[in-house]
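K.L.:
Encoded as structure tokens, here's the structure I'll be asking about.
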Amino acid sequence: MRSGPVVDLIEYTSERLNKVDLLSGGEMLLRALHDEGVEIIFGYPGGAVLHIYDAIFNQDKVEHILVRHEQAATHAADGYARASGKPGVVLVTSGPGATNAITGIATAYMDSIPMVVISGQVERRFIGSDGFQETDMVGISRPIVKHSFMVQDPAEIPLIVKKAFHIATTGRPGPVVIDIPKDVTDPKDKLPYDYPKSINMRSYSVPAKGHTGQIKKAVDILLSAKRPMIFAGGGVIQGEGSALLTRLTKKLGYPITNTLMGLGAFPGTHKQCLGMLGMHGTYEANMAMHYSDVVLGIGVRFDDRVTNSDVSKFCPDAKILHVDIDPASISKTVTADVPIVGSVSSVLKEMLAQVEQSTTRRDKKSLAIWWKQIEHWRERDSLAIPESEGEIIKPQSVIQTLFEITRGDAYISSDVGQHQMFAAQHYPFAKPRRWINSGGLGTMGFGLPAAMGVQFAFPDAVSVCVTGEGSFQMNIQEFATCMQYKLPIKVICLNNRALGMVKQWQDMQYGGRYSHSTYADSLPDFAKLAEAYGHVGIRIEKKSQLKEKMQEAFELKDKLVFVDVLVDPEEHVYPMAIKGGAMKDMILSKTERT
Amino acid sequence: MRHLISVLLENEPGALSRVVGLFSQRNYNIESLTVAPTEDRSLSRLTLTTIGDDRKIEQITKHLNKLVDVVKLVDLTEGAHVERELMLIKVKASGAQRAEIKRTTDIFRGQIVDMTQNTYAIQLTGSSIKLDAYIAAIGGNIVLEVARSGVTGISRGEKILSL
Ligand SMILES: Cc1ncc(C[n+]2csc(CCOP(=O)(O)OP(=O)(O)O)c2C)c(N)n1
Ligand SMILES: [Mg+2]
């Protein structure tokens, strides 16, 4: 393989030299970020990036946010990207800075979030010598990035930055790493700077529009379905397809379900929406999937949390129509009868047009029977909140109260565990990009930094973090970042004094042997802790205080308020898929199953 | 089934490790791998053999295509093609054995490229099956060392893999 510099960007004529600026590598990086439209980066300094930090100091175009841990920088950039649709940008130093960023990169990779991570590296002459704070970042991050670059020469910076953003944001989005050796950013080496206006890479192309013939085939099958189901995932949100999907679904009058990543792709508040499907999906969504005769999956990847572990039992009678921008997602786990590779929005647009023109008549009679069946399943009310005794607070009712107080219009970032599932189930999202959670990797510690990213993207919006006392302690240091930047995030902690989701599995599969899932005696007083950081802390222990105290928290508009709600530690998340079963096989409560 | 896949790859640092990494990451196996620059120095051609059912091979080619460094690829086993592997093999060769080995080598159209009093170094090209057959024919017990290049290939007829 070739080594050494690749300087193929621009031939500098002497005339041009007069017009362009002479910049150091560090300055070029900042200028390139600005030229790319980047307004904000999340980072943490260290030796290998000090030249870059000095360049940051000397400009005012790109704002840098100082977090307290590099993992939080990646999650904050990720939350920013999920909420705004713009790429998140991260800057970390070499070695430990880079490795700390790994969990956040993997989180973004699993959920296809556009992100550019710039990591410092030791000087070129030290690479491979186990130098101080040297780590092979390109190697370590390889399986969890869409692509990566190691800058070999300062002159490459503009082109590499251009390529990195192009790759991160187009096609199926994902994180891209740019590893920059320290001497490449040396302020003494000045070079002419010119940012490429466009980019054309022979080895990277984005799938164009979906194949018209395939779309026609899919539309025909869809229109003649007797028991159709639409199934929308994170790709609809990432691909800005929500409005089109909503139009198509309403036009067809078909039932629809969203995945955990797709919540808000179609409004959860609309009557055609059967709620979330999958492991903790609603009874009606899972039943309807199982008994459907046509499934239209859009921007989904038939993940095992949806299909359950045995794909041979998945939707036994259904023809599968699968739309995705990533050809490798199609027929990876579930074989598609009609695969359509293309951007969700272009395919939906064409589908809508074809549905409008098609002469195929919908089978209104079968559809009416189908809806009747679905309403029957719906009456089961699988998300009904169990009655609580006395002043005990059910975690689900906290989410319900949160929905009421915020009128369903907040940005909800979540951590991972039971609280995450309760939030997904009980806070129906009417809009895309409002539900910010780590679906693919399931990263505890995601919630607070992600909520910070959301707040930076939308300073005036209500940014809520729904968390558990376990997850919150994984990035609790970000309390300090929130203070520094005066972020008025509302943290709602469903405090069950346990790693609740782990405990639930131990209840169900390990005879209630709580191996390392409880720690009630050693929990901090979160409200006081929040106050120690300069925030407001509220503790709620009684059901009768829930609404009033939560309201109080939301009235403190310019403060971060940590609301520590002591919830019923015995509560489980239901419905829950039965392992190895089909989608229709669910546990519905501690005593009932399908 | 065994597949022979040829890939045109950007001749960039790290490109090869991305291809190899993909296979271990997704639990695909690589039977053999060859790689070298092409007549266009900015491109390498990588040829690998792998085993899997159609579904797996489809995933492998899709994931390879997704790698940003991969410019183009072809599954040569889908059509008529020529495939070759080079083997350098050192064997014990003394006394009466020498004539016998020479004869077998001639039958397989191999060449003796180096010799000492007690050894021959032999060069042989052909399909992997032919190379296996040669080793079987001379008898495994006289083999001292085997260096095989891995399989490379090219399609027959007008079809070409280029930009
Ligand atoms: C970083 C990380 N480590 C471990 C896990 C496994 N895990 C999933 S949920 C969970 C418990 C989370 O506890 P808490 O945040 O209190 O949420 P709860 O389930 O109690 O609502 C654990 C340990 C994980 N998802 N992420
Ligand atoms: Mg907990």
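Each chain in the structure tokens gets a letter, A, B, ..., in the order shown, and its residues are numbered from 1; ligands are numbered from 1 in order too.
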Could you list, as a PDB file with all heavy atoms, in the first residue's frame, every residue of chain A that has an atom within 10 Å of an atom of chain B, counting only C-alpha atoms?
P.N.:
ATOM      1  N   MET A   1       0.842  -1.200   0.000  1.00  0.00           N
ATOM      2  CA  MET A   1       0.000   0.000   0.000  1.00  0.00           C
ATOM      3  C   MET A   1       0.879   1.252   0.000  1.00  0.00           C
ATOM      4  O   MET A   1       1.943   1.268   0.617  1.00  0.00           O
ATOM      5  CB  MET A   1      -0.903   0.028   1.233  1.00  0.00           C
ATOM      6  CG  MET A   1      -1.902  -1.120   1.298  1.00  0.00           C
ATOM      7  SD  MET A   1      -3.268  -0.966   0.133  1.00  0.00           S
ATOM      8  CE  MET A   1      -2.841  -2.216  -1.060  1.00  0.00           C
ATOM      9  N   ARG A   2       0.370   2.254  -0.619  1.00  0.00           N
ATOM     10  CA  ARG A   2       1.142   3.479  -0.754  1.00  0.00           C
ATOM     11  C   ARG A   2       1.251   4.184   0.591  1.00  0.00           C
ATOM     12  O   ARG A   2       0.309   4.203   1.368  1.00  0.00           O
ATOM     13  CB  ARG A   2       0.439   4.380  -1.757  1.00  0.00           C
ATOM     14  CG  ARG A   2       1.224   5.633  -2.057  1.00  0.00           C
ATOM     15  CD  ARG A   2       0.643   6.315  -3.253  1.00  0.00           C
ATOM     16  NE  ARG A   2      -0.690   6.842  -2.964  1.00  0.00           N
ATOM     17  CZ  ARG A   2      -1.428   7.456  -3.876  1.00  0.00           C
ATOM     18  NH1 ARG A   2      -0.971   7.594  -5.098  1.00  0.00           N
ATOM     19  NH2 ARG A   2      -2.601   7.924  -3.569  1.00  0.00           N
ATOM     20  N   SER A   3       2.386   4.765   0.846  1.00  0.00           N
ATOM     21  CA  SER A   3       2.461   5.625   2.026  1.00  0.00           C
ATOM     22  C   SER A   3       2.999   6.974   1.586  1.00  0.00           C
ATOM     23  O   SER A   3       3.446   7.134   0.458  1.00  0.00           O
ATOM     24  CB  SER A   3       3.361   4.992   3.080  1.00  0.00           C
ATOM     25  OG  SER A   3       4.634   4.834   2.523  1.00  0.00           O
ATOM     26  N   GLY A   4       2.973   7.920   2.492  1.00  0.00           N
ATOM     27  CA  GLY A   4       3.465   9.239   2.127  1.00  0.00           C
ATOM     28  C   GLY A   4       2.343  10.127   1.667  1.00  0.00           C
ATOM     29  O   GLY A   4       1.202   9.698   1.563  1.00  0.00           O
ATOM     30  N   VAL A   6      -0.373  12.501  -0.171  1.00  0.00           N
ATOM     31  CA  VAL A   6      -1.174  12.443  -1.397  1.00  0.00           C
ATOM     32  C   VAL A   6      -1.641  13.870  -1.650  1.00  0.00           C
ATOM     33  O   VAL A   6      -2.604  14.314  -1.066  1.00  0.00           O
ATOM     34  CB  VAL A   6      -2.429  11.573  -1.186  1.00  0.00           C
ATOM     35  CG1 VAL A   6      -3.114  11.318  -2.515  1.00  0.00           C
ATOM     36  CG2 VAL A   6      -2.089  10.286  -0.482  1.00  0.00           C
ATOM     37  N   VAL A 138      -7.063   5.080  13.966  1.00  0.00           N
ATOM     38  CA  VAL A 138      -7.688   4.592  12.727  1.00  0.00           C
ATOM     39  C   VAL A 138      -7.961   3.090  12.855  1.00  0.00           C
ATOM     40  O   VAL A 138      -9.023   2.600  12.469  1.00  0.00           O
ATOM     41  CB  VAL A 138      -6.797   4.920  11.505  1.00  0.00           C
ATOM     42  CG1 VAL A 138      -7.244   4.147  10.276  1.00  0.00           C
ATOM     43  CG2 VAL A 138      -6.829   6.426  11.230  1.00  0.00           C
ATOM     44  N   GLY A 139      -7.026   2.376  13.460  1.00  0.00           N
ATOM     45  CA  GLY A 139      -7.208   0.939  13.656  1.00  0.00           C
ATOM     46  C   GLY A 139      -8.294   0.617  14.666  1.00  0.00           C
ATOM     47  O   GLY A 139      -9.158  -0.218  14.418  1.00  0.00           O
ATOM     48  N   ARG A 142     -11.788   1.415  13.342  1.00  0.00           N
ATOM     49  CA  ARG A 142     -12.140   0.910  12.010  1.00  0.00           C
ATOM     50  C   ARG A 142     -13.495   0.206  11.913  1.00  0.00           C
ATOM     51  O   ARG A 142     -14.298   0.520  11.037  1.00  0.00           O
ATOM     52  CB  ARG A 142     -11.031   0.020  11.455  1.00  0.00           C
ATOM     53  CG  ARG A 142     -11.227  -0.342   9.992  1.00  0.00           C
ATOM     54  CD  ARG A 142     -10.380  -1.516   9.569  1.00  0.00           C
ATOM     55  NE  ARG A 142     -10.356  -2.606  10.507  1.00  0.00           N
ATOM     56  CZ  ARG A 142     -11.396  -3.397  10.786  1.00  0.00           C
ATOM     57  NH1 ARG A 142     -12.530  -3.229  10.175  1.00  0.00           N
ATOM     58  NH2 ARG A 142     -11.288  -4.346  11.678  1.00  0.00           N
ATOM     59  N   PRO A 143     -13.799  -0.732  12.831  1.00  0.00           N
ATOM     60  CA  PRO A 143     -15.089  -1.433  12.656  1.00  0.00           C
ATOM     61  C   PRO A 143     -16.314  -0.594  12.999  1.00  0.00           C
ATOM     62  O   PRO A 143     -17.435  -1.047  12.786  1.00  0.00           O
ATOM     63  CB  PRO A 143     -14.979  -2.621  13.619  1.00  0.00           C
ATOM     64  CG  PRO A 143     -13.691  -2.505  14.329  1.00  0.00           C
ATOM     65  CD  PRO A 143     -13.025  -1.240  13.958  1.00  0.00           C
ATOM     66  N   LYS A 146     -17.830   4.822   9.385  1.00  0.00           N
ATOM     67  CA  LYS A 146     -18.157   4.662   7.973  1.00  0.00           C
ATOM     68  C   LYS A 146     -16.867   4.750   7.152  1.00  0.00           C
ATOM     69  O   LYS A 146     -16.689   4.032   6.183  1.00  0.00           O
ATOM     70  CB  LYS A 146     -19.163   5.746   7.558  1.00  0.00           C
ATOM     71  CG  LYS A 146     -19.696   5.546   6.153  1.00  0.00           C
ATOM     72  CD  LYS A 146     -20.894   6.436   5.883  1.00  0.00           C
ATOM     73  CE  LYS A 146     -21.256   6.403   4.405  1.00  0.00           C
ATOM     74  NZ  LYS A 146     -22.285   7.379   4.057  1.00  0.00           N
ATOM     75  N   HIS A 147     -15.986   5.627   7.582  1.00  0.00           N
ATOM     76  CA  HIS A 147     -14.686   5.732   6.935  1.00  0.00           C
ATOM     77  C   HIS A 147     -13.746   6.503   7.857  1.00  0.00           C
ATOM     78  O   HIS A 147     -14.194   7.140   8.807  1.00  0.00           O
ATOM     79  CB  HIS A 147     -14.810   6.463   5.590  1.00  0.00           C
ATOM     80  CG  HIS A 147     -13.614   6.272   4.705  1.00  0.00           C
ATOM     81  ND1 HIS A 147     -13.170   5.042   4.313  1.00  0.00           N
ATOM     82  CD2 HIS A 147     -12.754   7.170   4.151  1.00  0.00           C
ATOM     83  CE1 HIS A 147     -12.096   5.176   3.544  1.00  0.00           C
ATOM     84  NE2 HIS A 147     -11.830   6.456   3.426  1.00  0.00           N
ATOM     85  N   SER A 148     -12.451   6.437   7.570  1.00  0.00           N
ATOM     86  CA  SER A 148     -11.518   7.217   8.377  1.00  0.00           C
ATOM     87  C   SER A 148     -10.354   7.693   7.523  1.00  0.00           C
ATOM     88  O   SER A 148     -10.061   7.119   6.469  1.00  0.00           O
ATOM     89  CB  SER A 148     -11.010   6.390   9.561  1.00  0.00           C
ATOM     90  OG  SER A 148     -10.580   5.123   9.131  1.00  0.00           O
ATOM     91  N   PHE A 149      -9.728   8.746   8.016  1.00  0.00           N
ATOM     92  CA  PHE A 149      -8.584   9.330   7.315  1.00  0.00           C
ATOM     93  C   PHE A 149      -7.464   9.564   8.312  1.00  0.00           C
ATOM     94  O   PHE A 149      -7.721   9.948   9.459  1.00  0.00           O
ATOM     95  CB  PHE A 149      -8.937  10.710   6.722  1.00  0.00           C
ATOM     96  CG  PHE A 149     -10.012  10.662   5.668  1.00  0.00           C
ATOM     97  CD1 PHE A 149     -11.339  10.831   6.012  1.00  0.00           C
ATOM     98  CD2 PHE A 149      -9.682  10.462   4.334  1.00  0.00           C
ATOM     99  CE1 PHE A 149     -12.330  10.807   5.047  1.00  0.00           C
ATOM    100  CE2 PHE A 149     -10.666  10.436   3.364  1.00  0.00           C
ATOM    101  CZ  PHE A 149     -11.989  10.610   3.713  1.00  0.00           C
ATOM    102  N   MET A 150      -6.246   9.369   7.843  1.00  0.00           N
ATOM    103  CA  MET A 150      -5.097   9.833   8.611  1.00  0.00           C
ATOM    104  C   MET A 150      -4.462  10.913   7.745  1.00  0.00           C
ATOM    105  O   MET A 150      -4.079  10.647   6.592  1.00  0.00           O
ATOM    106  CB  MET A 150      -4.139   8.664   8.848  1.00  0.00           C
ATOM    107  CG  MET A 150      -2.711   9.050   9.097  1.00  0.00           C
ATOM    108  SD  MET A 150      -2.363   9.492  10.805  1.00  0.00           S
ATOM    109  CE  MET A 150      -2.012   7.880  11.462  1.00  0.00           C
ATOM    110  N   ILE A 167     -18.938  12.098   3.158  1.00  0.00           N
ATOM    111  CA  ILE A 167     -19.192  10.688   3.466  1.00  0.00           C
ATOM    112  C   ILE A 167     -20.105  10.561   4.689  1.00  0.00           C
ATOM    113  O   ILE A 167     -21.031   9.744   4.710  1.00  0.00           O
ATOM    114  CB  ILE A 167     -17.857   9.939   3.690  1.00  0.00           C
ATOM    115  CG1 ILE A 167     -17.075   9.866   2.374  1.00  0.00           C
ATOM    116  CG2 ILE A 167     -18.092   8.543   4.251  1.00  0.00           C
ATOM    117  CD1 ILE A 167     -15.634   9.415   2.539  1.00  0.00           C
ATOM    118  N   ARG A 172     -26.249   6.268   3.578  1.00  0.00           N
ATOM    119  CA  ARG A 172     -26.569   5.934   4.954  1.00  0.00           C
ATOM    120  C   ARG A 172     -25.551   6.653   5.821  1.00  0.00           C
ATOM    121  O   ARG A 172     -24.359   6.340   5.779  1.00  0.00           O
ATOM    122  CB  ARG A 172     -26.461   4.422   5.169  1.00  0.00           C
ATOM    123  CG  ARG A 172     -26.769   4.011   6.592  1.00  0.00           C
ATOM    124  CD  ARG A 172     -26.721   2.501   6.736  1.00  0.00           C
ATOM    125  NE  ARG A 172     -27.016   2.097   8.103  1.00  0.00           N
ATOM    126  CZ  ARG A 172     -27.122   0.842   8.501  1.00  0.00           C
ATOM    127  NH1 ARG A 172     -26.960  -0.125   7.625  1.00  0.00           N
ATOM    128  NH2 ARG A 172     -27.396   0.551   9.738  1.00  0.00           N
ATOM    129  N   MET A 201     -15.947  11.477  -5.723  1.00  0.00           N
ATOM    130  CA  MET A 201     -15.062  10.364  -5.374  1.00  0.00           C
ATOM    131  C   MET A 201     -15.445   9.154  -6.217  1.00  0.00           C
ATOM    132  O   MET A 201     -16.571   8.697  -6.152  1.00  0.00           O
ATOM    133  CB  MET A 201     -15.205  10.034  -3.894  1.00  0.00           C
ATOM    134  CG  MET A 201     -14.753  11.159  -2.990  1.00  0.00           C
ATOM    135  SD  MET A 201     -15.119  10.793  -1.260  1.00  0.00           S
ATOM    136  CE  MET A 201     -13.984   9.450  -0.969  1.00  0.00           C
ATOM    137  N   ARG A 202     -14.483   8.636  -6.951  1.00  0.00           N
ATOM    138  CA  ARG A 202     -14.804   7.521  -7.859  1.00  0.00           C
ATOM    139  C   ARG A 202     -15.204   6.273  -7.085  1.00  0.00           C
ATOM    140  O   ARG A 202     -15.893   5.395  -7.591  1.00  0.00           O
ATOM    141  CB  ARG A 202     -13.614   7.220  -8.774  1.00  0.00           C
ATOM    142  CG  ARG A 202     -12.399   6.693  -8.022  1.00  0.00           C
ATOM    143  CD  ARG A 202     -11.232   6.429  -8.951  1.00  0.00           C
ATOM    144  NE  ARG A 202     -10.053   6.034  -8.183  1.00  0.00           N
ATOM    145  CZ  ARG A 202      -8.863   5.831  -8.705  1.00  0.00           C
ATOM    146  NH1 ARG A 202      -8.664   6.016  -9.998  1.00  0.00           N
ATOM    147  NH2 ARG A 202      -7.848   5.474  -7.955  1.00  0.00           N
ATOM    148  N   SER A 203     -14.729   6.181  -5.834  1.00  0.00           N
ATOM    149  CA  SER A 203     -14.993   4.951  -5.080  1.00  0.00           C
ATOM    150  C   SER A 203     -16.189   5.099  -4.140  1.00  0.00           C
ATOM    151  O   SER A 203     -16.483   4.199  -3.377  1.00  0.00           O
ATOM    152  CB  SER A 203     -13.763   4.572  -4.269  1.00  0.00           C
ATOM    153  OG  SER A 203     -13.474   5.587  -3.335  1.00  0.00           O
ATOM    154  N   TYR A 204     -16.848   6.243  -4.169  1.00  0.00           N
ATOM    155  CA  TYR A 204     -17.975   6.433  -3.256  1.00  0.00           C
ATOM    156  C   TYR A 204     -19.119   7.111  -3.994  1.00  0.00           C
ATOM    157  O   TYR A 204     -18.985   8.227  -4.465  1.00  0.00           O
ATOM    158  CB  TYR A 204     -17.551   7.297  -2.069  1.00  0.00           C
ATOM    159  CG  TYR A 204     -18.677   7.640  -1.113  1.00  0.00           C
ATOM    160  CD1 TYR A 204     -19.128   6.706  -0.187  1.00  0.00           C
ATOM    161  CD2 TYR A 204     -19.290   8.887  -1.150  1.00  0.00           C
ATOM    162  CE1 TYR A 204     -20.167   7.007   0.672  1.00  0.00           C
ATOM    163  CE2 TYR A 204     -20.328   9.200  -0.283  1.00  0.00           C
ATOM    164  CZ  TYR A 204     -20.761   8.261   0.627  1.00  0.00           C
ATOM    165  OH  TYR A 204     -21.786   8.553   1.484  1.00  0.00           O
ATOM    166  N   SER A 205     -20.198   6.391  -4.123  1.00  0.00           N
ATOM    167  CA  SER A 205     -21.351   7.031  -4.737  1.00  0.00           C
ATOM    168  C   SER A 205     -22.573   6.693  -3.901  1.00  0.00           C
ATOM    169  O   SER A 205     -22.614   5.676  -3.205  1.00  0.00           O
ATOM    170  CB  SER A 205     -21.525   6.570  -6.173  1.00  0.00           C
ATOM    171  OG  SER A 205     -21.716   5.172  -6.172  1.00  0.00           O
ATOM    172  N   VAL A 206     -23.543   7.562  -3.958  1.00  0.00           N
ATOM    173  CA  VAL A 206     -24.733   7.404  -3.147  1.00  0.00           C
ATOM    174  C   VAL A 206     -25.824   6.816  -4.029  1.00  0.00           C
ATOM    175  O   VAL A 206     -26.017   7.278  -5.154  1.00  0.00           O
ATOM    176  CB  VAL A 206     -25.154   8.776  -2.603  1.00  0.00           C
ATOM    177  CG1 VAL A 206     -26.432   8.669  -1.806  1.00  0.00           C
ATOM    178  CG2 VAL A 206     -24.039   9.363  -1.764  1.00  0.00           C
ATOM    179  N   ASP A 326     -29.393   1.553   2.119  1.00  0.00           N
ATOM    180  CA  ASP A 326     -28.215   0.694   2.232  1.00  0.00           C
ATOM    181  C   ASP A 326     -28.518  -0.689   1.669  1.00  0.00           C
ATOM    182  O   ASP A 326     -29.256  -1.454   2.275  1.00  0.00           O
ATOM    183  CB  ASP A 326     -27.799   0.595   3.701  1.00  0.00           C
ATOM    184  CG  ASP A 326     -26.612  -0.333   3.893  1.00  0.00           C
ATOM    185  OD1 ASP A 326     -26.008  -0.757   2.886  1.00  0.00           O
ATOM    186  OD2 ASP A 326     -26.282  -0.628   5.057  1.00  0.00           O
ATOM    187  N   PRO A 327     -27.937  -1.029   0.520  1.00  0.00           N
ATOM    188  CA  PRO A 327     -28.242  -2.347  -0.065  1.00  0.00           C
ATOM    189  C   PRO A 327     -27.903  -3.497   0.890  1.00  0.00           C
ATOM    190  O   PRO A 327     -28.554  -4.536   0.857  1.00  0.00           O
ATOM    191  CB  PRO A 327     -27.373  -2.402  -1.329  1.00  0.00           C
ATOM    192  CG  PRO A 327     -26.521  -1.201  -1.330  1.00  0.00           C
ATOM    193  CD  PRO A 327     -27.024  -0.244  -0.306  1.00  0.00           C
ATOM    194  N   ALA A 328     -26.894  -3.282   1.734  1.00  0.00           N
ATOM    195  CA  ALA A 328     -26.485  -4.364   2.642  1.00  0.00           C
ATOM    196  C   ALA A 328     -27.504  -4.599   3.756  1.00  0.00           C
ATOM    197  O   ALA A 328     -27.451  -5.613   4.442  1.00  0.00           O
ATOM    198  CB  ALA A 328     -25.111  -4.064   3.233  1.00  0.00           C
ATOM    199  N   SER A 329     -28.416  -3.660   3.957  1.00  0.00           N
ATOM    200  CA  SER A 329     -29.457  -3.854   4.978  1.00  0.00           C
ATOM    201  C   SER A 329     -30.582  -4.715   4.440  1.00  0.00           C
ATOM    202  O   SER A 329     -31.381  -5.241   5.212  1.00  0.00           O
ATOM    203  CB  SER A 329     -30.055  -2.507   5.397  1.00  0.00           C
ATOM    204  OG  SER A 329     -29.236  -1.923   6.363  1.00  0.00           O
ATOM    205  N   ILE A 330     -30.661  -4.813   3.124  1.00  0.00           N
ATOM    206  CA  ILE A 330     -31.773  -5.533   2.511  1.00  0.00           C
ATOM    207  C   ILE A 330     -31.443  -7.012   2.406  1.00  0.00           C
ATOM    208  O   ILE A 330     -30.359  -7.388   1.973  1.00  0.00           O
ATOM    209  CB  ILE A 330     -32.125  -4.892   1.143  1.00  0.00           C
ATOM    210  CG1 ILE A 330     -32.802  -3.539   1.433  1.00  0.00           C
ATOM    211  CG2 ILE A 330     -33.024  -5.801   0.320  1.00  0.00           C
ATOM    212  CD1 ILE A 330     -33.110  -2.712   0.241  1.00  0.00           C
ATOM    213  N   SER A 331     -32.391  -7.829   2.869  1.00  0.00           N
ATOM    214  CA  SER A 331     -32.212  -9.295   2.908  1.00  0.00           C
ATOM    215  C   SER A 331     -31.013  -9.719   3.754  1.00  0.00           C
ATOM    216  O   SER A 331     -30.431 -10.767   3.533  1.00  0.00           O
ATOM    217  CB  SER A 331     -32.106  -9.885   1.497  1.00  0.00           C
ATOM    218  OG  SER A 331     -33.296  -9.634   0.779  1.00  0.00           O
ATOM    219  N   LYS A 332     -30.658  -8.901   4.742  1.00  0.00           N
ATOM    220  CA  LYS A 332     -29.575  -9.285   5.660  1.00  0.00           C
ATOM    221  C   LYS A 332     -30.093 -10.311   6.664  1.00  0.00           C
ATOM    222  O   LYS A 332     -29.489 -11.341   6.867  1.00  0.00           O
ATOM    223  CB  LYS A 332     -29.032  -8.054   6.390  1.00  0.00           C
ATOM    224  CG  LYS A 332     -27.881  -8.376   7.337  1.00  0.00           C
ATOM    225  CD  LYS A 332     -27.248  -7.119   7.940  1.00  0.00           C
ATOM    226  CE  LYS A 332     -28.202  -6.406   8.876  1.00  0.00           C
ATOM    227  NZ  LYS A 332     -27.600  -5.245   9.539  1.00  0.00           N
ATOM    228  N   THR A 333     -31.240 -10.003   7.282  1.00  0.00           N
ATOM    229  CA  THR A 333     -31.818 -10.968   8.229  1.00  0.00           C
ATOM    230  C   THR A 333     -33.120 -11.551   7.685  1.00  0.00           C
ATOM    231  O   THR A 333     -33.316 -12.748   7.711  1.00  0.00           O
ATOM    232  CB  THR A 333     -32.076 -10.313   9.598  1.00  0.00           C
ATOM    233  OG1 THR A 333     -32.963  -9.224   9.420  1.00  0.00           O
ATOM    234  CG2 THR A 333     -30.796  -9.812  10.226  1.00  0.00           C
ATOM    235  N   THR A 335     -35.528 -11.949   4.356  1.00  0.00           N
ATOM    236  CA  THR A 335     -35.449 -11.823   2.898  1.00  0.00           C
ATOM    237  C   THR A 335     -36.589 -10.958   2.378  1.00  0.00           C
ATOM    238  O   THR A 335     -37.756 -11.179   2.724  1.00  0.00           O
ATOM    239  CB  THR A 335     -35.516 -13.213   2.238  1.00  0.00           C
ATOM    240  OG1 THR A 335     -34.522 -14.027   2.864  1.00  0.00           O
ATOM    241  CG2 THR A 335     -35.243 -13.134   0.750  1.00  0.00           C
TER     242      THR A 335
END
K.L.:
Skip segment 391-401 of chain A itself and residues of its chain fewer than 2 positions away, then list as number ranges by chain all residues within 9 Å of it, counting only C-alpha atoms.
P.N.:
A: 383, 385-389, 403-406, 418-419, 422-423, 425-427, 466, 492, 494-496, 541-544, 546-547, 550, 565-569, 571
K.L.:
To check your reading of the model: which residues sit at most 9 Å from ligand 1 when counting only C-alpha atoms and all ligand atoms? Write the answer as a VMD selection string.
P.N.:
chain A and resid 103 395 415 to 422 441 to 446 467 to 474 493 to 504 517 569
K.L.:
So that I can see what lies close to Arg361 of chain A, please list as a list in words the residues with an atom at most 12 Å from it, counting only C-alpha atoms and leaving out residues fewer than 6 positions away in the same chain.
P.N.:
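So the residues in contact are Val219, Asp220, Ile221, Leu222, Leu223, Ser224, Ala225, Lys226, Leu252, Val355 and Leu367 of chain A.
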K.L.:
Would you please extract all strand (DSSP E) residues from segment 1-160 of chain B, as assigned by DSSP on the backbone, and give them as an MDAnalysis selection string?
P.N.:
chainID B and resid 2:10 32:37 43:51 70:75 81:92 111:115 119:126 143:148 152:155
K.L.:
DSSP says helix (DSSP H, G or I) for which residues of segment 102-149 of chain B? Put them as a PyMOL selection string?
P.N.:
chain B and resi 102-107+128-138+140-142
K.L.:
One decimal, in Å: what's the spacing between atom CA of Ile112 of chain B and atom CA of Leu33 of chain B?
P.N.:
25.4 Å
K.L.:
Work out how far atom CA of Thr152 of chain B is from atom CA of Asp40 of chain B, in Å to one decimal.
P.N.:
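Those two atoms sit 17.8 Å apart.
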K.L.:
When you look at segment 61-68 of chain A with a cut-off of 7 Å (counting only C-alpha atoms), what residues show up, excluding the ones that are within fewer than 2 positions of it in the same chain? I need them as a PyMOL selection string.
P.N.:
chain A and resi 34+38-44+59+70+72-73+477-478+481
K.L.:
Name the residues in contact with Leu556 of chain A at a cut-off of 12 Å, using only C-alpha atoms, excluding same-chain residues fewer than 3 positions from it; report them as a list in words.
P.N.:
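Contacts, in chain order: Val462, Leu487, Pro488, Ile489, Lys490, His535, Val536, Gly537, Ile538, Lys549, Met550, Gln551, Glu552, Ala553, Lys559, Leu560, Val561, Phe562 and Val563 of chain A.
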